[in-house]
>>> print(open('work-v2.cif').read())   # mmCIF, C-alpha atoms
data_data
#
loop_
_atom_site.label_atom_id
_atom_site.label_comp_id
_atom_site.auth_asym_id
_atom_site.auth_seq_id
_atom_site.Cartn_x
_atom_site.Cartn_y
_atom_site.Cartn_z
CA MET A 1 56.92 -40.84 47.63
CA TYR A 2 53.68 -42.53 46.60
CA ARG A 3 53.59 -45.79 44.67
CA ILE A 4 51.40 -46.36 41.61
CA VAL A 5 49.65 -49.62 42.41
CA LYS A 6 47.63 -49.91 39.22
CA LYS A 7 47.41 -48.03 35.93
CA THR A 8 44.62 -48.45 33.38
CA ALA A 9 43.94 -46.62 30.12
CA LEU A 10 40.19 -45.89 30.08
CA ASN A 11 40.37 -44.47 26.56
CA PRO A 12 43.12 -42.97 24.35
CA THR A 13 43.23 -39.74 26.38
CA VAL A 14 42.05 -40.71 29.86
CA THR A 15 44.02 -42.75 32.41
CA ARG A 16 43.09 -44.23 35.77
CA MET A 17 45.66 -44.74 38.53
CA ASP A 18 45.37 -46.30 41.98
CA ILE A 19 47.89 -44.60 44.27
CA GLU A 20 49.14 -46.03 47.56
CA ALA A 21 48.30 -43.25 50.02
CA PRO A 22 46.81 -44.74 53.21
CA ASP A 23 46.57 -41.47 55.15
CA VAL A 24 44.57 -39.85 52.33
CA ALA A 25 42.41 -42.94 51.79
CA LYS A 26 41.55 -43.01 55.50
CA LYS A 27 39.78 -39.62 55.35
CA ALA A 28 38.74 -39.23 51.70
CA GLN A 29 35.12 -38.45 50.81
CA PRO A 30 33.29 -37.98 47.48
CA GLY A 31 33.74 -34.48 46.11
CA GLN A 32 37.18 -33.92 47.60
CA PHE A 33 40.44 -33.64 45.70
CA ILE A 34 44.18 -34.07 46.04
CA ILE A 35 47.13 -32.06 44.75
CA LEU A 36 50.09 -34.00 43.41
CA ARG A 37 53.52 -33.38 41.93
CA VAL A 38 54.83 -35.96 39.49
CA ASP A 39 58.44 -35.26 40.46
CA GLU A 40 60.43 -32.69 42.41
CA ASP A 41 60.45 -30.33 39.41
CA GLY A 42 56.76 -30.76 38.66
CA GLU A 43 53.96 -28.25 39.08
CA ARG A 44 51.10 -28.72 41.54
CA LEU A 45 48.30 -30.63 39.81
CA PRO A 46 44.82 -30.78 41.42
CA LEU A 47 42.78 -33.92 40.69
CA THR A 48 39.48 -35.05 42.11
CA ILE A 49 39.39 -38.25 44.16
CA ALA A 50 37.57 -40.68 41.86
CA ASP A 51 37.45 -43.50 44.41
CA TYR A 52 39.24 -44.85 47.48
CA ASP A 53 39.78 -48.11 49.33
CA ARG A 54 40.39 -47.61 53.03
CA GLU A 55 41.40 -51.24 53.59
CA LYS A 56 43.98 -51.29 50.81
CA GLY A 57 45.05 -47.73 51.54
CA THR A 58 44.67 -46.62 47.93
CA VAL A 59 43.18 -43.56 46.27
CA THR A 60 42.00 -43.59 42.67
CA ILE A 61 42.59 -40.65 40.35
CA ILE A 62 41.38 -40.31 36.77
CA PHE A 63 42.94 -37.70 34.53
CA GLN A 64 42.82 -36.51 30.96
CA ILE A 65 46.11 -36.13 29.12
CA VAL A 66 45.87 -32.49 28.03
CA GLY A 67 49.02 -30.68 29.18
CA ALA A 68 52.63 -31.06 30.20
CA SER A 69 51.97 -32.28 33.75
CA THR A 70 49.35 -34.86 32.80
CA THR A 71 51.66 -36.06 30.01
CA ARG A 72 54.47 -36.56 32.51
CA LEU A 73 52.10 -38.29 34.92
CA ASN A 74 50.92 -40.63 32.20
CA MET A 75 54.54 -41.62 31.47
CA LYS A 76 54.71 -43.20 34.93
CA ASN A 77 54.02 -46.94 35.16
CA GLU A 78 52.85 -49.39 37.82
CA GLY A 79 55.39 -49.79 40.59
CA GLU A 80 56.88 -46.35 40.03
CA PHE A 81 56.42 -43.40 42.37
CA ILE A 82 55.14 -39.84 42.25
CA GLU A 83 56.69 -37.15 44.42
CA ASP A 84 53.75 -35.62 46.33
CA PHE A 85 50.13 -36.59 46.95
CA VAL A 86 48.43 -34.14 49.34
CA GLY A 87 44.87 -34.40 50.57
CA PRO A 88 42.04 -34.85 50.98
CA LEU A 89 41.28 -31.19 50.21
CA GLY A 90 38.02 -29.34 49.69
CA THR A 91 34.60 -29.85 51.20
CA PRO A 92 32.92 -33.26 50.70
CA SER A 93 29.78 -33.34 48.59
CA ARG A 94 26.68 -32.88 50.75
CA VAL A 95 24.41 -35.77 49.82
CA GLU A 96 22.92 -36.91 53.12
CA GLY A 97 19.13 -36.69 53.28
CA LEU A 98 18.60 -36.75 49.51
CA LYS A 99 16.04 -39.33 48.39
CA LYS A 100 16.03 -38.95 44.62
CA VAL A 101 18.83 -37.36 42.63
CA CYS A 102 19.88 -37.03 39.01
CA VAL A 103 23.66 -37.06 38.58
CA VAL A 104 24.81 -35.54 35.29
CA GLY A 105 28.37 -36.11 34.07
CA GLY A 106 30.16 -34.94 30.96
CA GLY A 107 33.38 -36.34 29.53
CA VAL A 108 36.17 -36.82 32.05
CA GLY A 109 33.91 -35.06 34.56
CA CYS A 110 32.23 -38.45 34.92
CA ALA A 111 35.24 -39.45 37.01
CA ILE A 112 34.09 -36.87 39.55
CA ALA A 113 30.40 -37.62 39.18
CA TYR A 114 30.75 -41.37 39.74
CA PRO A 115 31.87 -41.32 43.41
CA VAL A 116 28.98 -38.95 44.18
CA ALA A 117 26.50 -41.33 42.50
CA LYS A 118 28.07 -44.24 44.37
CA LYS A 119 27.75 -42.46 47.72
CA LEU A 120 24.10 -41.62 47.05
CA HIS A 121 23.43 -45.23 46.09
CA ASP A 122 25.12 -46.48 49.27
CA LEU A 123 22.91 -44.13 51.31
CA GLY A 124 19.80 -45.63 49.77
CA ALA A 125 18.84 -42.78 47.43
CA GLU A 126 17.24 -43.36 44.03
CA VAL A 127 19.93 -42.39 41.54
CA HIS A 128 19.35 -41.45 37.91
CA SER A 129 22.59 -40.96 35.98
CA VAL A 130 22.88 -39.04 32.72
CA VAL A 131 26.33 -39.07 31.14
CA GLY A 132 27.56 -37.58 27.89
CA PHE A 133 30.58 -37.97 25.61
CA ARG A 134 31.56 -36.77 22.16
CA ASN A 135 31.70 -40.30 20.76
CA ARG A 136 31.89 -44.00 21.66
CA ASP A 137 35.70 -44.06 21.91
CA LEU A 138 35.64 -41.57 24.79
CA VAL A 139 33.12 -43.39 27.01
CA ILE A 140 34.43 -44.19 30.50
CA LEU A 141 33.06 -45.84 33.67
CA GLU A 142 29.94 -47.24 32.01
CA ASP A 143 29.77 -50.39 34.14
CA ASP A 144 30.58 -48.42 37.28
CA PHE A 145 27.70 -46.01 36.71
CA ARG A 146 25.27 -48.78 35.82
CA SER A 147 26.05 -50.58 39.09
CA VAL A 148 24.97 -47.61 41.22
CA SER A 149 22.14 -46.18 39.09
CA ASP A 150 18.43 -46.97 39.14
CA LYS A 151 18.23 -45.33 35.72
CA TYR A 152 21.19 -44.78 33.39
CA MET A 153 21.21 -42.74 30.18
CA LEU A 154 24.30 -42.48 28.00
CA MET A 155 24.45 -39.77 25.34
CA THR A 156 26.97 -39.19 22.54
CA ASP A 157 27.18 -36.12 20.36
CA ASP A 158 27.47 -38.17 17.16
CA GLY A 159 25.15 -41.02 18.13
CA SER A 160 27.91 -43.63 17.87
CA TYR A 161 26.85 -45.12 21.22
CA GLY A 162 23.88 -44.82 23.52
CA GLU A 163 21.47 -42.11 22.37
CA LYS A 164 22.39 -39.23 20.08
CA GLY A 165 22.23 -35.83 21.70
CA LEU A 166 23.38 -33.79 24.68
CA VAL A 167 22.90 -34.45 28.38
CA THR A 168 20.45 -31.54 28.43
CA ASN A 169 18.26 -33.43 25.93
CA ALA A 170 18.13 -36.46 28.21
CA LEU A 171 17.57 -34.44 31.38
CA LYS A 172 14.77 -32.42 29.77
CA ALA A 173 13.08 -35.65 28.67
CA LEU A 174 13.21 -36.97 32.24
CA LEU A 175 11.80 -33.75 33.69
CA ASP A 176 9.08 -33.58 31.04
CA ALA A 177 8.17 -37.19 31.86
CA GLY A 178 7.39 -36.07 35.42
CA GLU A 179 10.53 -37.10 37.28
CA LYS A 180 10.85 -35.10 40.50
CA TYR A 181 14.35 -34.72 41.90
CA ASP A 182 15.45 -33.39 45.26
CA GLU A 183 18.54 -32.19 43.47
CA VAL A 184 20.44 -32.37 40.20
CA ILE A 185 24.22 -32.71 40.59
CA VAL A 186 26.15 -31.84 37.43
CA ILE A 187 29.88 -32.20 36.81
CA GLY A 188 31.71 -31.68 33.55
CA PRO A 189 32.83 -28.97 31.11
CA VAL A 190 31.87 -25.49 32.25
CA ILE A 191 29.74 -24.83 29.17
CA MET A 192 27.80 -28.05 29.81
CA MET A 193 27.18 -27.14 33.45
CA LYS A 194 25.99 -23.70 32.38
CA PHE A 195 23.33 -25.06 30.05
CA VAL A 196 22.20 -27.74 32.49
CA CYS A 197 21.71 -25.03 35.11
CA GLN A 198 19.73 -22.90 32.66
CA LEU A 199 17.46 -25.89 32.07
CA THR A 200 16.96 -26.79 35.73
CA ARG A 201 16.27 -23.18 36.61
CA GLU A 202 13.27 -23.30 34.26
CA TYR A 203 11.95 -26.34 36.13
CA GLY A 204 12.76 -25.00 39.59
CA VAL A 205 15.08 -27.89 40.48
CA LYS A 206 17.94 -27.27 42.91
CA THR A 207 21.24 -27.84 41.12
CA THR A 208 24.75 -28.30 42.45
CA VAL A 209 27.86 -27.96 40.27
CA SER A 210 31.49 -28.90 40.92
CA MET A 211 33.96 -26.18 39.98
CA ASN A 212 37.37 -26.87 38.45
CA PRO A 213 39.00 -23.44 38.00
CA ILE A 214 42.73 -22.73 37.91
CA MET A 215 44.22 -23.83 41.22
CA ILE A 216 47.69 -23.59 42.76
CA ASP A 217 48.06 -24.07 46.52
CA GLY A 218 44.68 -25.60 47.42
CA THR A 219 44.42 -23.74 50.74
CA GLY A 220 42.68 -20.51 49.71
CA MET A 221 45.83 -18.38 49.98
CA CYS A 222 46.72 -17.84 46.30
CA GLY A 223 43.24 -16.81 45.11
CA GLY A 224 43.76 -18.51 41.77
CA CYS A 225 40.61 -20.64 42.07
CA ARG A 226 38.22 -17.77 42.73
CA VAL A 227 34.69 -18.15 41.45
CA THR A 228 31.87 -15.61 41.50
CA VAL A 229 28.84 -17.13 43.21
CA GLY A 230 25.79 -15.00 43.90
CA GLY A 231 27.85 -11.88 43.27
CA GLU A 232 30.42 -12.87 45.90
CA THR A 233 33.94 -14.18 45.44
CA LYS A 234 34.40 -17.77 46.59
CA PHE A 235 37.43 -20.04 46.49
CA ALA A 236 36.81 -23.47 44.98
CA CYS A 237 39.56 -25.11 47.04
CA VAL A 238 38.14 -24.24 50.48
CA ASP A 239 34.57 -23.03 49.88
CA GLY A 240 33.87 -25.72 47.30
CA PRO A 241 34.33 -27.32 44.92
CA ASP A 242 30.51 -27.70 45.06
CA PHE A 243 28.32 -24.61 44.63
CA ASP A 244 24.72 -23.69 43.86
CA GLY A 245 24.75 -23.82 40.06
CA HIS A 246 22.03 -21.20 39.73
CA LEU A 247 24.28 -18.63 41.42
CA VAL A 248 27.55 -19.26 39.55
CA ASP A 249 28.79 -16.68 37.02
CA PHE A 250 29.75 -19.20 34.33
CA ASP A 251 30.71 -16.59 31.72
CA ARG A 252 33.32 -15.04 33.99
CA LEU A 253 34.61 -18.50 34.92
CA MET A 254 35.01 -19.54 31.28
CA LYS A 255 36.88 -16.34 30.52
CA ARG A 256 39.31 -16.91 33.40
CA ASN A 257 39.86 -20.55 32.45
CA MET A 258 40.93 -19.49 28.95
CA MET A 259 43.63 -17.11 30.19
CA TYR A 260 46.43 -19.68 30.24
CA LYS A 261 45.48 -21.77 27.20
CA PRO A 262 48.36 -20.48 25.02
CA PHE A 263 50.88 -21.18 27.81
CA GLU A 264 49.45 -24.65 28.41
CA GLY A 265 49.77 -25.40 24.70
CA ASP A 266 53.44 -24.41 24.71
CA ARG A 267 54.17 -26.59 27.75
CA LYS A 268 52.37 -29.55 26.14
CA ARG A 269 54.45 -29.23 22.97
CA GLU A 270 57.65 -29.10 25.05
CA ALA A 271 56.61 -32.24 26.94
CA ASP A 272 55.83 -34.06 23.70
CA CYS A 273 59.24 -33.11 22.32
CA ARG A 274 61.00 -34.46 25.44
CA LEU A 275 58.99 -37.68 25.20
CA MET A 276 59.95 -38.14 21.55
CA SER A 277 63.61 -37.50 22.38
CA LYS A 278 63.55 -40.24 25.04
CA GLU A 279 61.95 -42.67 22.60
CA VAL A 280 64.68 -41.97 20.04
CA GLU A 281 67.37 -42.61 22.67
#
>>> encode(input="work-v2.cif", output="structure tokens")
Amino acid sequence: MYRIVKKTALNPTVTRMDIEAPDVAKKAQPGQFIILRVDEDGERLPLTIADYDREKGTVTIIFQIVGASTTRLNMKNEGEFIEDFVGPLGTPSRVEGLKKVCVVGGGVGCAIAYPVAKKLHDLGAEVHSVVGFRNRDLVILEDDFRSVSDKYMLMTDDGSYGEKGLVTNALKALLDAGEKYDEVIVIGPVIMMKFVCQLTREYGVKTTVSMNPIMIDGTGMCGGCRVTVGGETKFACVDGPDFDGHLVDFDRLMKRNMMYKPFEGDRKREADCRLMSKEVE
């Protein structure tokens, strides 16, 4: 059992939790993930490690409340426990040797992008961060990003905060202004990563993406997290989650990710009904 040390609502749909897991914290690196179960009847839920504190023995996760499992997780409070917390899994982000990098994050994907930006900053790299959200109410980790970024650009679709536009608008402006990056690292919705990669391909800038396909066991045995990269099948859990963005078949990935949307919707409605029943009791 793993204790929830701290719980914070970052916005109406995104929650941050610090979990007491000293063995995981001891080995965690940016880019890796954990798989948890809320309770003994819960499904396996993969979440990226958003941060860690080796001294305190805690691991930070940030999740969006979108389905049954994340709804059940969000019902847990500080001092309570979750059943399983396995990790760290996946290959750490390869950032050593990079001198100047643009980190691009979209929505809750910023929770994955931030530890990468922080690691680059700690290694002495020049970090430019471009983050995007639909509107002001959904902005997360602004102060965190600012603290590790030499340049920080915040975009909102509706212009309610920061600059109006998409992350691709901001990145294009930087590239057109003559910024030269060793690498662009982009993490967020698949459609966003696709269009960022199309842009960077035009400018000849190496681009790394973090994949978040359907995942079950996290060891490469189930094959659920397969991604087509350069015409070859890769498994995000063991070969990734980071891949060369210019080689990823984003269209196939988006199609696979949509397969279980109807089922996820049904499970979410069931979870909401159970929650309402408990509130009535």
>>> resolve_selection(input="work-v2.cif", expression="the PyMOL selection byres ((chain A and resi 144-152) around 6)", output="PyMOL selection string")
chain A and resi 118+121+127-129+141-143+153
>>> atom_distance(input="work-v2.cif", atom1="atom CA of A:Gly109", atom2="atom CA of A:Val38")
21.5 Å
>>> atom_distance(input="work-v2.cif", atom1="atom CA of A:Leu123", atom2="atom CA of A:Gly245")
23.3 Å
>>> resolve_selection(input="work-v2.cif", expression="the PyMOL selection byres ((chain A and resi 20) around 7)", output="JSON, numbers by chain")
{"A": [2, 3, 4, 5, 18, 19, 21, 22, 57, 58, 59]}
>>> atom_distance(input="work-v2.cif", atom1="atom CA of A:Val229", atom2="atom CA of A:Asp249")
6.2 Å
>>> resolve_selection(input="work-v2.cif", expression="the PyMOL selection byres ((chain A and resi 9) around 12)", output="number ranges by chain")
A: 6-8, 10-18, 61-65, 74-75, 77, 137-141
>>> write_last_selection(input="work-v2.cif", atoms="C-alpha atoms", output="PDB file, in the frame of the given file")
ATOM      1  CA  LYS A   6      47.630 -49.910  39.220  1.00  0.00           C
ATOM      2  CA  LYS A   7      47.410 -48.030  35.930  1.00  0.00           C
ATOM      3  CA  THR A   8      44.620 -48.450  33.380  1.00  0.00           C
ATOM      4  CA  LEU A  10      40.190 -45.890  30.080  1.00  0.00           C
ATOM      5  CA  ASN A  11      40.370 -44.470  26.560  1.00  0.00           C
ATOM      6  CA  PRO A  12      43.120 -42.970  24.350  1.00  0.00           C
ATOM      7  CA  THR A  13      43.230 -39.740  26.380  1.00  0.00           C
ATOM      8  CA  VAL A  14      42.050 -40.710  29.860  1.00  0.00           C
ATOM      9  CA  THR A  15      44.020 -42.750  32.410  1.00  0.00           C
ATOM     10  CA  ARG A  16      43.090 -44.230  35.770  1.00  0.00           C
ATOM     11  CA  MET A  17      45.660 -44.740  38.530  1.00  0.00           C
ATOM     12  CA  ASP A  18      45.370 -46.300  41.980  1.00  0.00           C
ATOM     13  CA  ILE A  61      42.590 -40.650  40.350  1.00  0.00           C
ATOM     14  CA  ILE A  62      41.380 -40.310  36.770  1.00  0.00           C
ATOM     15  CA  PHE A  63      42.940 -37.700  34.530  1.00  0.00           C
ATOM     16  CA  GLN A  64      42.820 -36.510  30.960  1.00  0.00           C
ATOM     17  CA  ILE A  65      46.110 -36.130  29.120  1.00  0.00           C
ATOM     18  CA  ASN A  74      50.920 -40.630  32.200  1.00  0.00           C
ATOM     19  CA  MET A  75      54.540 -41.620  31.470  1.00  0.00           C
ATOM     20  CA  ASN A  77      54.020 -46.940  35.160  1.00  0.00           C
ATOM     21  CA  ASP A 137      35.700 -44.060  21.910  1.00  0.00           C
ATOM     22  CA  LEU A 138      35.640 -41.570  24.790  1.00  0.00           C
ATOM     23  CA  VAL A 139      33.120 -43.390  27.010  1.00  0.00           C
ATOM     24  CA  ILE A 140      34.430 -44.190  30.500  1.00  0.00           C
ATOM     25  CA  LEU A 141      33.060 -45.840  33.670  1.00  0.00           C
TER      26      LEU A 141
END
>>> residues_around(input="work-v2.cif", residues="stretch 29-37 of chain A", least_positions_apart="2", cutoff="8 Å", atoms="all atoms listed in the file", output="PyMOL selection string")
chain A and resi 27+39-51+82-93+112+115-116+119+210+218+241-242
>>> residues_around(input="work-v2.cif", residues="A:Val196", least_positions_apart="3", cutoff="12 Å", atoms="only C-alpha atoms", output="PDB file with C-alpha atoms, keeping the file's coordinate frame")
ATOM      1  CA  CYS A 102      19.880 -37.030  39.010  1.00  0.00           C
ATOM      2  CA  VAL A 103      23.660 -37.060  38.580  1.00  0.00           C
ATOM      3  CA  VAL A 104      24.810 -35.540  35.290  1.00  0.00           C
ATOM      4  CA  GLY A 105      28.370 -36.110  34.070  1.00  0.00           C
ATOM      5  CA  GLY A 106      30.160 -34.940  30.960  1.00  0.00           C
ATOM      6  CA  VAL A 130      22.880 -39.040  32.720  1.00  0.00           C
ATOM      7  CA  LEU A 166      23.380 -33.790  24.680  1.00  0.00           C
ATOM      8  CA  VAL A 167      22.900 -34.450  28.380  1.00  0.00           C
ATOM      9  CA  THR A 168      20.450 -31.540  28.430  1.00  0.00           C
ATOM     10  CA  ASN A 169      18.260 -33.430  25.930  1.00  0.00           C
ATOM     11  CA  ALA A 170      18.130 -36.460  28.210  1.00  0.00           C
ATOM     12  CA  LEU A 171      17.570 -34.440  31.380  1.00  0.00           C
ATOM     13  CA  LYS A 172      14.770 -32.420  29.770  1.00  0.00           C
ATOM     14  CA  VAL A 184      20.440 -32.370  40.200  1.00  0.00           C
ATOM     15  CA  ILE A 185      24.220 -32.710  40.590  1.00  0.00           C
ATOM     16  CA  VAL A 186      26.150 -31.840  37.430  1.00  0.00           C
ATOM     17  CA  ILE A 187      29.880 -32.200  36.810  1.00  0.00           C
ATOM     18  CA  GLY A 188      31.710 -31.680  33.550  1.00  0.00           C
ATOM     19  CA  PRO A 189      32.830 -28.970  31.110  1.00  0.00           C
ATOM     20  CA  VAL A 190      31.870 -25.490  32.250  1.00  0.00           C
ATOM     21  CA  ILE A 191      29.740 -24.830  29.170  1.00  0.00           C
ATOM     22  CA  MET A 192      27.800 -28.050  29.810  1.00  0.00           C
ATOM     23  CA  MET A 193      27.180 -27.140  33.450  1.00  0.00           C
ATOM     24  CA  LEU A 199      17.460 -25.890  32.070  1.00  0.00           C
ATOM     25  CA  THR A 200      16.960 -26.790  35.730  1.00  0.00           C
ATOM     26  CA  ARG A 201      16.270 -23.180  36.610  1.00  0.00           C
ATOM     27  CA  GLU A 202      13.270 -23.300  34.260  1.00  0.00           C
ATOM     28  CA  TYR A 203      11.950 -26.340  36.130  1.00  0.00           C
ATOM     29  CA  VAL A 205      15.080 -27.890  40.480  1.00  0.00           C
ATOM     30  CA  LYS A 206      17.940 -27.270  42.910  1.00  0.00           C
ATOM     31  CA  THR A 207      21.240 -27.840  41.120  1.00  0.00           C
ATOM     32  CA  THR A 208      24.750 -28.300  42.450  1.00  0.00           C
ATOM     33  CA  VAL A 209      27.860 -27.960  40.270  1.00  0.00           C
ATOM     34  CA  GLY A 245      24.750 -23.820  40.060  1.00  0.00           C
ATOM     35  CA  HIS A 246      22.030 -21.200  39.730  1.00  0.00           C
ATOM     36  CA  PHE A 250      29.750 -19.200  34.330  1.00  0.00           C
TER      37      PHE A 250
END
>>> residues_near_point(input="work-v2.cif", point="(37.6, -23.6, 46.3)", cutoff="7 Å", atoms="all atoms listed in the file", output="list of chain:residue names")
A:Gly90, A:Gly220, A:Cys225, A:Arg226, A:Lys234, A:Phe235, A:Ala236, A:Cys237, A:Val238, A:Asp239, A:Gly240, A:Pro241
>>> write_last_selection(input="work-v2.cif", atoms="C-alpha atoms", output="mmCIF file, in the frame of the given file")
data_model
loop_
_atom_site.group_PDB
_atom_site.id
_atom_site.type_symbol
_atom_site.label_atom_id
_atom_site.label_comp_id
_atom_site.auth_asym_id
_atom_site.auth_seq_id
_atom_site.Cartn_x
_atom_site.Cartn_y
_atom_site.Cartn_z
ATOM 1 C CA GLY A 90 38.020 -29.340 49.690
ATOM 2 C CA GLY A 220 42.680 -20.510 49.710
ATOM 3 C CA CYS A 225 40.610 -20.640 42.070
ATOM 4 C CA ARG A 226 38.220 -17.770 42.730
ATOM 5 C CA LYS A 234 34.400 -17.770 46.590
ATOM 6 C CA PHE A 235 37.430 -20.040 46.490
ATOM 7 C CA ALA A 236 36.810 -23.470 44.980
ATOM 8 C CA CYS A 237 39.560 -25.110 47.040
ATOM 9 C CA VAL A 238 38.140 -24.240 50.480
ATOM 10 C CA ASP A 239 34.570 -23.030 49.880
ATOM 11 C CA GLY A 240 33.870 -25.720 47.300
ATOM 12 C CA PRO A 241 34.330 -27.320 44.920
#
>>> closest_residue(input="work-v2.cif", among="A:Val66, A:Ala177, A:Leu73, A:Ala25", to="A:Asp53", atoms="only C-alpha atoms")
A:Ala25
>>> closest_residue(input="work-v2.cif", among="A:Lys76, A:Lys180, A:Arg54, A:Arg134", to="A:Thr156", atoms="all atoms listed in the file")
A:Arg134
>>> closest_residue(input="work-v2.cif", among="A:Gly97, A:Gly204, A:Arg256, A:Gly107", to="A:Asp157", atoms="all atoms listed in the file")
A:Gly107
>>> axis_aligned_box(input="work-v2.cif", around="stretch 108-123 of chain A", padding_each_side="8 Å", output="AutoDock Vina command-line options")
--center_x 29.5 --center_y -40.8 --center_z 41.7 --size_x 29.3 --size_y 27.4 --size_z 35.3
>>> decode(input="work-v2.cif", residues="stretch 235-254 of chain A", atoms="N, CA and C atoms", output="PDB file, in the first residue's frame")
ATOM      1  N   PHE A 235       7.332  -0.803 -28.945  1.00  0.00           N
ATOM      2  CA  PHE A 235       6.465  -0.816 -27.776  1.00  0.00           C
ATOM      3  C   PHE A 235       6.840   0.357 -26.870  1.00  0.00           C
ATOM      4  N   ALA A 236       5.870   1.235 -26.634  1.00  0.00           N
ATOM      5  CA  ALA A 236       6.145   2.456 -25.872  1.00  0.00           C
ATOM      6  C   ALA A 236       6.659   2.159 -24.471  1.00  0.00           C
ATOM      7  N   CYS A 237       6.222   1.055 -23.875  1.00  0.00           N
ATOM      8  CA  CYS A 237       6.571   0.779 -22.485  1.00  0.00           C
ATOM      9  C   CYS A 237       8.027   0.384 -22.296  1.00  0.00           C
ATOM     10  N   VAL A 238       8.630  -0.265 -23.288  1.00  0.00           N
ATOM     11  CA  VAL A 238      10.019  -0.716 -23.144  1.00  0.00           C
ATOM     12  C   VAL A 238      10.969  -0.061 -24.141  1.00  0.00           C
ATOM     13  N   ASP A 239      10.481   0.268 -25.334  1.00  0.00           N
ATOM     14  CA  ASP A 239      11.316   0.938 -26.329  1.00  0.00           C
ATOM     15  C   ASP A 239      11.264   2.450 -26.160  1.00  0.00           C
ATOM     16  N   GLY A 240      10.257   2.926 -25.470  1.00  0.00           N
ATOM     17  CA  GLY A 240      10.040   4.363 -25.306  1.00  0.00           C
ATOM     18  C   GLY A 240       9.951   4.722 -23.837  1.00  0.00           C
ATOM     19  N   PRO A 241       9.138   5.745 -23.514  1.00  0.00           N
ATOM     20  CA  PRO A 241       8.102   6.327 -24.386  1.00  0.00           C
ATOM     21  C   PRO A 241       8.595   7.351 -25.397  1.00  0.00           C
ATOM     22  N   ASP A 242       9.898   7.705 -25.394  1.00  0.00           N
ATOM     23  CA  ASP A 242      10.395   8.728 -26.316  1.00  0.00           C
ATOM     24  C   ASP A 242      10.809   8.108 -27.650  1.00  0.00           C
ATOM     25  N   PHE A 243      10.405   8.793 -28.752  1.00  0.00           N
ATOM     26  CA  PHE A 243      10.755   8.331 -30.094  1.00  0.00           C
ATOM     27  C   PHE A 243      11.053   9.534 -30.986  1.00  0.00           C
ATOM     28  N   ASP A 244      11.721   9.264 -32.097  1.00  0.00           N
ATOM     29  CA  ASP A 244      11.971  10.280 -33.116  1.00  0.00           C
ATOM     30  C   ASP A 244      10.624  10.666 -33.725  1.00  0.00           C
ATOM     31  N   GLY A 245      10.203  11.899 -33.481  1.00  0.00           N
ATOM     32  CA  GLY A 245       8.883  12.333 -33.931  1.00  0.00           C
ATOM     33  C   GLY A 245       8.707  12.330 -35.434  1.00  0.00           C
ATOM     34  N   HIS A 246       9.791  12.455 -36.174  1.00  0.00           N
ATOM     35  CA  HIS A 246       9.691  12.483 -37.632  1.00  0.00           C
ATOM     36  C   HIS A 246       9.487  11.090 -38.225  1.00  0.00           C
ATOM     37  N   LEU A 247       9.572  10.062 -37.383  1.00  0.00           N
ATOM     38  CA  LEU A 247       9.402   8.693 -37.863  1.00  0.00           C
ATOM     39  C   LEU A 247       8.101   8.044 -37.376  1.00  0.00           C
ATOM     40  N   VAL A 248       7.376   8.725 -36.497  1.00  0.00           N
ATOM     41  CA  VAL A 248       6.162   8.141 -35.910  1.00  0.00           C
ATOM     42  C   VAL A 248       4.983   8.247 -36.880  1.00  0.00           C
ATOM     43  N   ASP A 249       4.221   7.148 -36.988  1.00  0.00           N
ATOM     44  CA  ASP A 249       2.990   7.141 -37.785  1.00  0.00           C
ATOM     45  C   ASP A 249       1.859   7.638 -36.885  1.00  0.00           C
ATOM     46  N   PHE A 250       1.654   8.949 -36.849  1.00  0.00           N
ATOM     47  CA  PHE A 250       0.671   9.545 -35.953  1.00  0.00           C
ATOM     48  C   PHE A 250      -0.757   9.172 -36.326  1.00  0.00           C
ATOM     49  N   ASP A 251      -1.048   9.055 -37.612  1.00  0.00           N
ATOM     50  CA  ASP A 251      -2.417   8.734 -38.034  1.00  0.00           C
ATOM     51  C   ASP A 251      -2.839   7.357 -37.531  1.00  0.00           C
ATOM     52  N   ARG A 252      -1.948   6.393 -37.638  1.00  0.00           N
ATOM     53  CA  ARG A 252      -2.271   5.059 -37.125  1.00  0.00           C
ATOM     54  C   ARG A 252      -2.431   5.082 -35.611  1.00  0.00           C
ATOM     55  N   LEU A 253      -1.577   5.845 -34.930  1.00  0.00           N
ATOM     56  CA  LEU A 253      -1.654   5.948 -33.474  1.00  0.00           C
ATOM     57  C   LEU A 253      -2.981   6.558 -33.038  1.00  0.00           C
ATOM     58  N   MET A 254      -3.404   7.623 -33.698  1.00  0.00           N
ATOM     59  CA  MET A 254      -4.676   8.261 -33.338  1.00  0.00           C
ATOM     60  C   MET A 254      -5.844   7.317 -33.553  1.00  0.00           C
TER      61      MET A 254
END
